[in-house]
Amino acid sequence: MKKKIVLVNILLLFTLLTVKSQNEYKFPEGTTIQGAKELLERELPHIDDFLELRAIAGLKIGPGDVDETEEEEDDVVNLSSIKPKLLSKKELKKQLTAFFNTVEFYQELGYPQSRINPSYSSYSLEDIIRLELNDSDTASFVLRKLFYKDGTTDILAQDNISRLNLPNMKTVDSALVDLSFNYPIDFTKISMSERNQRYEEGESFIQLQSIGGKEVELVCSRDLYKKISKQDGTTKDGKTEATRRSSYNSAPSPEMFDYVEKLKVFINEIIANIDAGKYQTIEDLEEYVKLNVPQDISVQSEKQDITLSYYFPKKIDEINLYFPIYDTFKYSTIIRNVQLDSYERVNFSIATDTEKEKRGIVDKSGNWIVEPQYTSLVHVSGVFYSGSLEEEYLQTSYKLDSIGKKLNPYGFLIDRVFDSFLRIQNENELFGIADTDGNVVIPPRYAQIKDYEYGSLFIGVNYIDSLSQTMELYDFKGQKVLPDIYNTIEISSDIMEAVSISEGKIHLAIYDRETKEELQNEWFDEAEYERSRYLYRHYDFDQGNYNYENMQGTIVIPALDGYEFVDEEFFGQLVRVSKEDAENEDEKLYGYVNIKGQLVIPAIYENAMPFKGKYAYVEKDEKGMLIDANNNIHREFSSRLWNDIYYYLEPRTVYILADGESYDINGDRIGLEFTDPVIE
């Protein structure tokens, strides 16, 4: 193939040019005068092959010579073809608004300078507009204005920033960003065939070299090649075909051909001089080369032509190239500082003195509240921080005294932050609960404290030995909810199940979670309790379907005609069922049944998760949402579910969406960060 010859000869040409080192004109070490002659003689045929390529531009149009059954060996790339679809300006603005709703920035407060880091790029923009941005239409992000937390502003005109240094430590609340780029609003179509072999635009051109069979070969100026957005082909009967694949390479520029021509003459001159005995030593030859070699030229890549080959699944008579017609699109929006959520209550931020390499705390105007003296310092919650001084190895929890401008040791280690509580730990590694002001609600006396996803309830756990434990249940005021006589306590959306074990007998007490009223109080033999506790999905071979049975084999929930049970176990809440989608037999729709086997939520959802607490995650019309047991929508989400994670050590479920946002089972946004999800 011609394109391979071009590439190979360019490589051989550069081999020839290695006769000339970067600093001096020297042959490889140990080369004799006769060896230099042989080296140059071996290169001359390659130069002739290269110079023959100059004639390609004059080739006449002719049928392709590619065997249609031949396996192509060229390096190719897959292409999407056919004239591209463009978004209208209205739709583009809608897409950009959705995109910028997810754009945020981070601020690194430091002395004497701080930095902000926006999270946008032209690559993100290409994903939105579904079109690659070339040199002629690169997006321009301009940071126009900063709004500080103290009410002041800065007017800027900072282009395409990834990091911006600020000469202050003031907390930035938000920023005004201007976006502009050349967006294609239409396309110019250029069709090339035997009847129309050449297209010119100023000094730039596209030359059809060959068309026939399933391959088309073009030579074009690099600047025009970069403007081609899409291409397709037209068959004899007028049908449009997409390109199957493509290959390309850079054709040498006229300047390169001229230089190689001079180099050929010079090499022949050197060979003749060697035959005439003009050089006494190899050093004499190298000195002659240094003084007389044709002056090297800088062949700019923009002057090099491109050879393009397109391959089609069917024979075509005409190739169509699409060049975008641009219009300037402008968009302005506000992006916010994501760190403000954690500082909103106290209006203070951590800053770093980069000269001392120490951290302290500043107010929203950038004034030091706590001088930089800590080797590490992080914000925990509200007025609480965790850090260490230089001489300390362990982290200490501190409470901010903004009036006295200091951090006072809190007295307890803050182990974890709940929505409105702090889990604290004393020096004996016992756990308790404090409110967000640091007031102790439950003193540290438990080996573990668990929080539950069904409201503000805490379970204190004391381990008696490796096999047994006692539990106590408290509400958010620190009041005991259940008597401290139980070995295990489990909480669902509606009930609290408490169990105590005594001399082989099991005492089961069930309470209404809201009213605390006792609903059930029974004693079981241990074996009987374990067998009766849950229902499991079992296959009925006689009926050819699934039922929910207890461990004694008694059917509790019979099969539901036309539906399949999804979950292996039934714990007394609604359980998922599925059925075939009438419009698409390869897809399933989901609903829920109750303990009586009644379909209480119809199978209308494209995806459904088990009920967690009061709500279940479902998807309909490609939208994610939480519904309650009455099929009312509790919360709608910005994107669909990517994954859900259940944390066993701290029992709770987290929904992670495709855009990276994370929510708890009540639909409240939480601050976990995930890198795998992407914007859809």
# chains A, B, ... in the order shown; residues from 1 in each chain; ligands from 1

$ select_by_dssp --residues "range 456-584 of chain A" --states "alpha helix (DSSP H)" --output "list in words"
Glu526, Ala527, Glu528, Tyr529, Glu530, Arg531 and Ser532 of chain A

$ write_last_selection --atoms "C-alpha atoms" --output "mmCIF file, in the first residue's frame"
data_model
loop_
_atom_site.group_PDB
_atom_site.id
_atom_site.type_symbol
_atom_site.label_atom_id
_atom_site.label_comp_id
_atom_site.auth_asym_id
_atom_site.auth_seq_id
_atom_site.Cartn_x
_atom_site.Cartn_y
_atom_site.Cartn_z
ATOM 1 C CA GLU A 526 -33.810 -22.089 71.362
ATOM 2 C CA ALA A 527 -34.205 -24.476 68.408
ATOM 3 C CA GLU A 528 -37.843 -23.521 67.856
ATOM 4 C CA TYR A 529 -36.985 -19.825 67.862
ATOM 5 C CA GLU A 530 -34.304 -20.182 65.207
ATOM 6 C CA ARG A 531 -36.616 -22.257 63.003
ATOM 7 C CA SER A 532 -39.540 -19.855 63.232
#

$ residues_around --residues "Val103 in chain A" --least-positions-apart "5" --cutoff "10 Å" --atoms "only C-alpha atoms" --output "number ranges by chain"
A: 97-98, 118-120, 334-338

$ atom_distance --atom1 "CA of Thr31 in chain A" --atom2 "CA of Lys290 in chain A"
16.5 Å

$ select_by_dssp --residues "range 460-575 of chain A" --states "strand (DSSP E or B)" --output "PyMOL selection string"
chain A and resi 460-463+469-475+480+486+488-491+495-502+505-512+518-525+535-540+545-549+555-557+564-565+569-570+575

$ closest_residue --among "A:Ser386, A:Gln231, A:Thr396, A:Ser402" --to "Ile369 in chain A" --atoms "only C-alpha atoms"
A:Ser402

$ residues_around --residues "Trp642 in chain A" --least-positions-apart "4" --cutoff "9 Å" --atoms "only C-alpha atoms" --output "number ranges by chain"
A: 655-660, 677
